[in-house]
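Trainee: My structure file coords.cif, mmCIF, C-alpha atoms, is below:
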```
data_data
loop_
_atom_site.label_atom_id
_atom_site.label_comp_id
_atom_site.auth_asym_id
_atom_site.auth_seq_id
_atom_site.Cartn_x
_atom_site.Cartn_y
_atom_site.Cartn_z
CA MET A 18 4.41 -33.61 42.44
CA ALA A 19 1.10 -32.03 41.35
CA CYS A 20 2.56 -28.57 41.95
CA GLN A 21 5.57 -29.37 39.79
CA LEU A 22 3.31 -30.68 37.01
CA ARG A 23 1.17 -27.52 37.09
CA TYR A 24 4.36 -25.44 36.98
CA GLN A 25 5.56 -27.34 33.88
CA ILE A 26 2.18 -26.90 32.15
CA LEU A 27 2.14 -23.18 32.96
CA LYS A 28 5.72 -22.84 31.71
CA HIS A 29 4.78 -24.50 28.38
CA LYS A 30 1.67 -22.33 28.03
CA LEU A 31 3.76 -19.20 28.59
CA ALA A 32 6.33 -20.37 26.04
CA TRP A 33 3.57 -21.00 23.47
CA SER A 34 2.03 -17.62 24.22
CA PHE A 35 5.34 -15.85 23.61
CA CYS A 36 5.85 -17.80 20.37
CA LEU A 37 2.36 -16.87 19.18
CA MET A 38 2.92 -13.20 20.04
CA ALA A 39 6.24 -13.24 18.16
CA LEU A 40 4.51 -14.70 15.11
CA LEU A 41 1.76 -12.11 15.24
CA LEU A 42 4.24 -9.27 15.64
CA SER A 43 6.36 -10.53 12.76
CA ALA A 44 3.39 -10.88 10.39
CA PRO A 45 3.49 -8.40 7.52
CA VAL A 46 1.93 -5.10 8.45
CA GLN A 47 -0.53 -3.89 5.83
CA ALA A 48 -0.59 -0.30 7.03
CA PHE A 49 1.91 2.17 5.66
CA GLU A 50 3.46 5.53 6.35
CA PHE A 51 4.96 7.39 3.39
CA GLN A 52 6.48 10.85 3.16
CA ASP A 53 5.76 12.46 -0.19
CA ALA A 54 8.10 14.73 -2.13
CA THR A 55 6.59 17.83 -0.46
CA GLY A 56 7.28 16.43 3.02
CA LYS A 57 3.68 15.49 3.84
CA ILE A 58 3.18 12.20 5.69
CA HIS A 59 0.53 9.81 4.33
CA LYS A 60 -0.75 7.04 6.60
CA LEU A 61 -3.36 4.48 5.64
CA GLU A 62 -5.38 5.37 8.74
CA ASP A 63 -5.65 8.99 7.53
CA TYR A 64 -7.86 7.89 4.65
CA LYS A 65 -10.60 5.94 6.45
CA GLY A 66 -13.81 6.17 4.47
CA ARG A 67 -11.98 6.30 1.12
CA TRP A 68 -10.56 3.70 -1.22
CA VAL A 69 -6.77 3.97 -1.19
CA LEU A 70 -4.71 3.04 -4.22
CA VAL A 71 -0.91 2.86 -3.86
CA ASN A 72 0.76 2.65 -7.26
CA PHE A 73 4.45 1.74 -7.62
CA TRP A 74 5.90 3.05 -10.88
CA ALA A 75 9.04 4.44 -12.55
CA THR A 76 9.75 7.05 -15.21
CA TRP A 77 11.49 4.44 -17.41
CA CYS A 78 8.53 1.98 -17.32
CA PRO A 79 6.26 2.32 -20.43
CA PRO A 80 3.22 0.52 -18.87
CA CYS A 81 3.55 2.75 -15.80
CA LEU A 82 3.44 5.86 -17.95
CA LYS A 83 0.41 4.57 -19.82
CA GLU A 84 -1.68 4.24 -16.65
CA ILE A 85 -0.76 7.62 -15.12
CA PRO A 86 -3.47 9.63 -16.98
CA ASP A 87 -6.15 7.21 -15.65
CA LEU A 88 -4.80 7.57 -12.11
CA ILE A 89 -4.82 11.36 -12.41
CA ALA A 90 -8.42 11.27 -13.68
CA LEU A 91 -9.51 9.05 -10.77
CA TYR A 92 -7.78 11.24 -8.20
CA GLU A 93 -9.26 14.43 -9.59
CA SER A 94 -12.80 13.21 -10.26
CA ARG A 95 -13.58 10.86 -7.37
CA LYS A 96 -13.43 12.08 -3.81
CA ASP A 97 -13.90 8.51 -2.55
CA ILE A 98 -10.48 7.46 -3.91
CA MET A 99 -7.04 8.48 -2.67
CA VAL A 100 -4.15 7.79 -5.04
CA ILE A 101 -0.52 7.74 -3.87
CA GLY A 102 2.22 7.20 -6.44
CA VAL A 103 5.51 5.69 -5.34
CA ALA A 104 8.26 6.39 -7.89
CA MET A 105 10.82 3.58 -7.76
CA ASP A 106 13.47 5.42 -9.78
CA SER A 107 16.92 5.05 -8.24
CA GLY A 108 18.52 8.07 -9.87
CA ASP A 109 18.21 11.78 -9.34
CA PRO A 110 15.00 12.75 -7.47
CA GLN A 111 14.87 15.96 -9.54
CA VAL A 112 14.38 13.87 -12.69
CA VAL A 113 11.32 12.25 -11.07
CA MET A 114 9.89 15.58 -9.93
CA ASP A 115 10.45 17.16 -13.36
CA PHE A 116 8.63 14.18 -14.86
CA VAL A 117 5.76 14.55 -12.33
CA ARG A 118 5.38 18.20 -13.37
CA SER A 119 5.57 17.39 -17.10
CA MET A 120 2.83 14.74 -16.73
CA SER A 121 0.73 17.08 -14.49
CA ILE A 122 0.51 14.41 -11.79
CA THR A 123 -1.67 15.93 -9.09
CA TYR A 124 -1.77 13.05 -6.60
CA PRO A 125 1.00 12.75 -3.97
CA THR A 126 4.30 11.35 -5.21
CA VAL A 127 6.62 9.45 -2.89
CA LEU A 128 10.26 8.98 -3.84
CA GLY A 129 10.42 5.25 -3.23
CA ASN A 130 13.03 2.62 -2.55
CA ARG A 131 13.03 -1.02 -1.41
CA GLU A 132 12.66 -0.05 2.25
CA ILE A 133 9.61 2.10 1.56
CA ALA A 134 8.09 -0.55 -0.71
CA SER A 135 8.67 -3.28 1.88
CA GLN A 136 5.93 -1.73 4.01
CA LEU A 137 3.50 -3.33 1.56
CA ASP A 138 5.34 -6.09 -0.28
CA ASP A 139 8.50 -7.14 -2.06
CA ILE A 140 7.90 -5.20 -5.26
CA SER A 141 9.14 -7.35 -8.14
CA LEU A 142 7.20 -5.87 -11.05
CA LEU A 143 6.32 -2.36 -12.15
CA PRO A 144 3.70 -1.14 -12.19
CA SER A 145 2.24 -2.73 -9.05
CA THR A 146 -0.91 -1.36 -7.44
CA TYR A 147 -2.29 -2.07 -3.96
CA PHE A 148 -5.91 -1.32 -3.03
CA TYR A 149 -7.32 -0.74 0.43
CA ASP A 150 -11.05 -0.58 1.11
CA PRO A 151 -12.67 2.34 2.96
CA ASP A 152 -12.16 0.48 6.26
CA GLY A 153 -8.40 0.30 5.65
CA ASN A 154 -8.33 -3.41 4.84
CA PRO A 155 -6.25 -4.79 1.98
CA ALA A 156 -8.69 -5.33 -0.90
CA ALA A 157 -6.59 -6.31 -3.92
CA ARG A 158 -3.22 -6.21 -5.61
CA GLN A 159 -2.64 -5.72 -9.33
CA LEU A 160 0.72 -6.59 -10.86
CA GLY A 161 1.04 -4.89 -14.22
CA ILE A 162 -0.92 -2.14 -15.90
CA ILE A 163 -4.25 -1.00 -14.54
CA SER A 164 -6.95 1.22 -16.00
CA ARG A 165 -9.51 3.62 -14.64
CA GLU A 166 -12.25 1.36 -15.95
CA SER A 167 -10.88 -1.73 -14.16
CA ILE A 168 -10.50 0.21 -10.89
CA GLU A 169 -14.05 1.57 -11.05
CA THR A 170 -15.44 -1.87 -11.96
CA PHE A 171 -13.59 -3.40 -9.00
CA ILE A 172 -14.92 -0.74 -6.59
CA GLU A 173 -18.47 -1.12 -7.90
CA SER A 174 -18.31 -4.91 -7.51
CA LYS A 175 -17.15 -4.58 -3.89
CA SER A 176 -19.65 -1.82 -3.08
CA SER A 177 -22.59 -3.84 -4.45
CA LYS A 178 -21.74 -6.76 -2.12
CA LYS A 179 -22.28 -4.68 1.02
#
```
Spit out the file's structure as structure tokens when you get a sec.
Mentor:
Amino acid sequence: MACQLRYQILKHKLAWSFCLMALLLSAPVQAFEFQDATGKIHKLEDYKGRWVLVNFWATWCPPCLKEIPDLIALYESRKDIMVIGVAMDSGDPQVVMDFVRSMSITYPTVLGNREIASQLDDISLLPSTYFYDPDGNPAARQLGIISRESIETFIESKSSKK
């Protein structure tokens, strides 16, 4: 009788363990792996030690276009920030790449879609920006337009707390 009771308890513990593991494995993964338009793979883990900013945008989105010069300036002037742009245009990729050239976007551009975006979130608004701290942890999310000043203020506020 005692053996049977121990067996039942062990069986329940194993069932709970498997349920917990399934929950943990199904939790949203915050890391990402994107292939940019040049074929280069970008993984969150590749940028340890730097702030990472992933910006979802589209060529037809006026607020997106307004923030691009600030993102270019950050990428070019601050070595502690990595910017990755994910273009959510559903049309011809050549239109996106022509636009990237015309705007002189120097940071990596990923030709995005829902599957690519789902690595981070269900993107429902453009622009949407996701920040990761230098340790690779999610730090913030901004729905809507963002500026260089707001990004630098955010980074300074987080850096001063260390």
Trainee: Report the distance between atom CA of Ala157 of chain A and atom CA of Ile122 of chain A in Å, rounded to one decimal place.
Mentor: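 Spanning atom CA of Ala157 of chain A to atom CA of Ile122 of chain A is a straight-line distance of 23.3 Å.
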Trainee: Using all atoms listed in the file, determine which residues lie at most 9 Å from Leu91 of chain A, disregarding the query and same-chain residues fewer than 3 positions distant; provide the list as a VMD selection string.
Mentor: chain A and resid 86 to 88 94 to 96 98 to 100 165 168 to 169
Trainee: Suppose you want the space between atom CA of Gln159 of chain A and atom CA of Tyr147 of chain A; what is it in Å?
Mentor: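 Interatomic distance here is 6.5 Å.
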Trainee: List, as a list of chain:residue names, every residue that the PyMOL selection byres ((chain A and resi 113) around 12) selects in the file provided.
Mentor: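 That selection, the PyMOL selection byres ((chain A and resi 113) around 12), comes back as A:Ala54, A:Trp74, A:Ala75, A:Thr76, A:Trp77, A:Gly102, A:Val103, A:Ala104, A:Met105, A:Asp106, A:Ser107, A:Gly108, A:Asp109, A:Pro110, A:Gln111, A:Val112, A:Met114, A:Asp115, A:Phe116, A:Val117, A:Arg118, A:Ser119, A:Met120, A:Ile122, A:Thr126, A:Val127, A:Leu128, A:Gly129.
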Trainee: One decimal, Å: what's the distance from atom CA of Thr170 of chain A over to atom CA of Val71 of chain A, could you say?
Mentor: 17.3 Å
Trainee: Restricting the calculation to all atoms listed in the file: of A:Pro125, A:Glu62, A:Lys57, A:Glu50, which residue gets closest to Gly153 of chain A?
Mentor: A:Glu62
Trainee: Where's the centre, and what are the edge lengths in Å to one decimal, of a box along x, y and z enclosing all listed atoms of segment 62-68 of chain A padded 6 Å per side, as lines of an AutoDock Vina configuration file?
Mentor:
```
center_x = -9.6
center_y = 6.3
center_z = 3.8
size_x = 20.4
size_y = 17.3
size_z = 22.0
```
Trainee: Some atoms are missing, so please complete segment 130-141 of chain A with all heavy atoms and return it as an mmCIF file, keeping the file's coordinate frame.
Mentor:
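Okay, selection.cif is ready:
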```cif
data_model
loop_
_atom_site.group_PDB
_atom_site.id
_atom_site.type_symbol
_atom_site.label_atom_id
_atom_site.label_comp_id
_atom_site.auth_asym_id
_atom_site.auth_seq_id
_atom_site.Cartn_x
_atom_site.Cartn_y
_atom_site.Cartn_z
ATOM 1 N N ASN A 130 11.879 3.517 -2.523
ATOM 2 C CA ASN A 130 13.030 2.620 -2.550
ATOM 3 C C ASN A 130 12.554 1.278 -1.974
ATOM 4 O O ASN A 130 11.386 1.142 -1.597
ATOM 5 C CB ASN A 130 14.210 3.200 -1.760
ATOM 6 C CG ASN A 130 13.844 3.525 -0.320
ATOM 7 O OD1 ASN A 130 13.096 2.799 0.339
ATOM 8 N ND2 ASN A 130 14.376 4.631 0.187
ATOM 9 N N ARG A 131 13.430 0.311 -1.899
ATOM 10 C CA ARG A 131 13.030 -1.020 -1.410
ATOM 11 C C ARG A 131 12.499 -0.972 0.024
ATOM 12 O O ARG A 131 11.560 -1.670 0.361
ATOM 13 C CB ARG A 131 14.207 -1.991 -1.498
ATOM 14 C CG ARG A 131 14.584 -2.308 -2.911
ATOM 15 C CD ARG A 131 14.213 -3.741 -3.218
ATOM 16 N NE ARG A 131 14.530 -4.028 -4.607
ATOM 17 C CZ ARG A 131 13.623 -4.425 -5.474
ATOM 18 N NH1 ARG A 131 12.385 -4.584 -5.124
ATOM 19 N NH2 ARG A 131 13.960 -4.674 -6.722
ATOM 20 N N GLU A 132 13.108 -0.146 0.853
ATOM 21 C CA GLU A 132 12.660 -0.050 2.250
ATOM 22 C C GLU A 132 11.237 0.496 2.338
ATOM 23 O O GLU A 132 10.406 -0.024 3.076
ATOM 24 C CB GLU A 132 13.624 0.833 3.033
ATOM 25 C CG GLU A 132 13.299 0.921 4.512
ATOM 26 C CD GLU A 132 14.267 1.816 5.267
ATOM 27 O OE1 GLU A 132 15.416 1.991 4.826
ATOM 28 O OE2 GLU A 132 13.851 2.342 6.315
ATOM 29 N N ILE A 133 10.955 1.524 1.579
ATOM 30 C CA ILE A 133 9.610 2.100 1.560
ATOM 31 C C ILE A 133 8.617 1.075 1.011
ATOM 32 O O ILE A 133 7.561 0.855 1.583
ATOM 33 C CB ILE A 133 9.596 3.405 0.741
ATOM 34 C CG1 ILE A 133 10.324 4.503 1.518
ATOM 35 C CG2 ILE A 133 8.170 3.837 0.401
ATOM 36 C CD1 ILE A 133 10.609 5.752 0.721
ATOM 37 N N ALA A 134 8.978 0.441 -0.091
ATOM 38 C CA ALA A 134 8.090 -0.550 -0.710
ATOM 39 C C ALA A 134 7.834 -1.735 0.200
ATOM 40 O O ALA A 134 6.735 -2.294 0.204
ATOM 41 C CB ALA A 134 8.693 -1.028 -2.032
ATOM 42 N N SER A 135 8.821 -2.106 1.020
ATOM 43 C CA SER A 135 8.670 -3.280 1.880
ATOM 44 C C SER A 135 7.563 -3.123 2.923
ATOM 45 O O SER A 135 7.142 -4.099 3.531
ATOM 46 C CB SER A 135 9.993 -3.626 2.564
ATOM 47 O OG SER A 135 10.312 -2.653 3.548
ATOM 48 N N GLN A 136 7.070 -1.909 3.114
ATOM 49 C CA GLN A 136 5.930 -1.730 4.010
ATOM 50 C C GLN A 136 4.703 -2.462 3.483
ATOM 51 O O GLN A 136 3.824 -2.824 4.251
ATOM 52 C CB GLN A 136 5.597 -0.245 4.178
ATOM 53 C CG GLN A 136 6.650 0.542 4.910
ATOM 54 C CD GLN A 136 6.229 1.984 5.050
ATOM 55 O OE1 GLN A 136 5.195 2.290 5.655
ATOM 56 N NE2 GLN A 136 7.016 2.888 4.499
ATOM 57 N N LEU A 137 4.648 -2.653 2.168
ATOM 58 C CA LEU A 137 3.500 -3.330 1.560
ATOM 59 C C LEU A 137 3.854 -4.711 1.033
ATOM 60 O O LEU A 137 3.068 -5.643 1.152
ATOM 61 C CB LEU A 137 2.913 -2.494 0.424
ATOM 62 C CG LEU A 137 2.430 -1.101 0.782
ATOM 63 C CD1 LEU A 137 1.738 -0.459 -0.396
ATOM 64 C CD2 LEU A 137 1.505 -1.133 1.976
ATOM 65 N N ASP A 138 5.018 -4.832 0.401
ATOM 66 C CA ASP A 138 5.340 -6.090 -0.280
ATOM 67 C C ASP A 138 6.771 -6.021 -0.799
ATOM 68 O O ASP A 138 7.404 -4.971 -0.764
ATOM 69 C CB ASP A 138 4.371 -6.275 -1.458
ATOM 70 C CG ASP A 138 4.226 -7.716 -1.911
ATOM 71 O OD1 ASP A 138 4.935 -8.599 -1.396
ATOM 72 O OD2 ASP A 138 3.381 -7.964 -2.784
ATOM 73 N N ASP A 139 7.229 -7.127 -1.337
ATOM 74 C CA ASP A 139 8.500 -7.140 -2.060
ATOM 75 C C ASP A 139 8.155 -6.857 -3.511
ATOM 76 O O ASP A 139 7.709 -7.741 -4.233
ATOM 77 C CB ASP A 139 9.167 -8.515 -1.899
ATOM 78 C CG ASP A 139 10.497 -8.584 -2.621
ATOM 79 O OD1 ASP A 139 11.115 -7.524 -2.831
ATOM 80 O OD2 ASP A 139 10.917 -9.702 -2.976
ATOM 81 N N ILE A 140 8.309 -5.619 -3.918
ATOM 82 C CA ILE A 140 7.900 -5.200 -5.260
ATOM 83 C C ILE A 140 8.848 -5.814 -6.289
ATOM 84 O O ILE A 140 10.049 -5.535 -6.290
ATOM 85 C CB ILE A 140 7.906 -3.657 -5.394
ATOM 86 C CG1 ILE A 140 7.062 -3.011 -4.303
ATOM 87 C CG2 ILE A 140 7.444 -3.230 -6.776
ATOM 88 C CD1 ILE A 140 5.618 -3.392 -4.300
ATOM 89 N N SER A 141 8.301 -6.675 -7.143
ATOM 90 C CA SER A 141 9.140 -7.350 -8.140
ATOM 91 C C SER A 141 8.746 -6.980 -9.569
ATOM 92 O O SER A 141 9.430 -7.373 -10.509
ATOM 93 C CB SER A 141 9.027 -8.869 -7.956
ATOM 94 O OG SER A 141 7.683 -9.272 -8.096
#
```
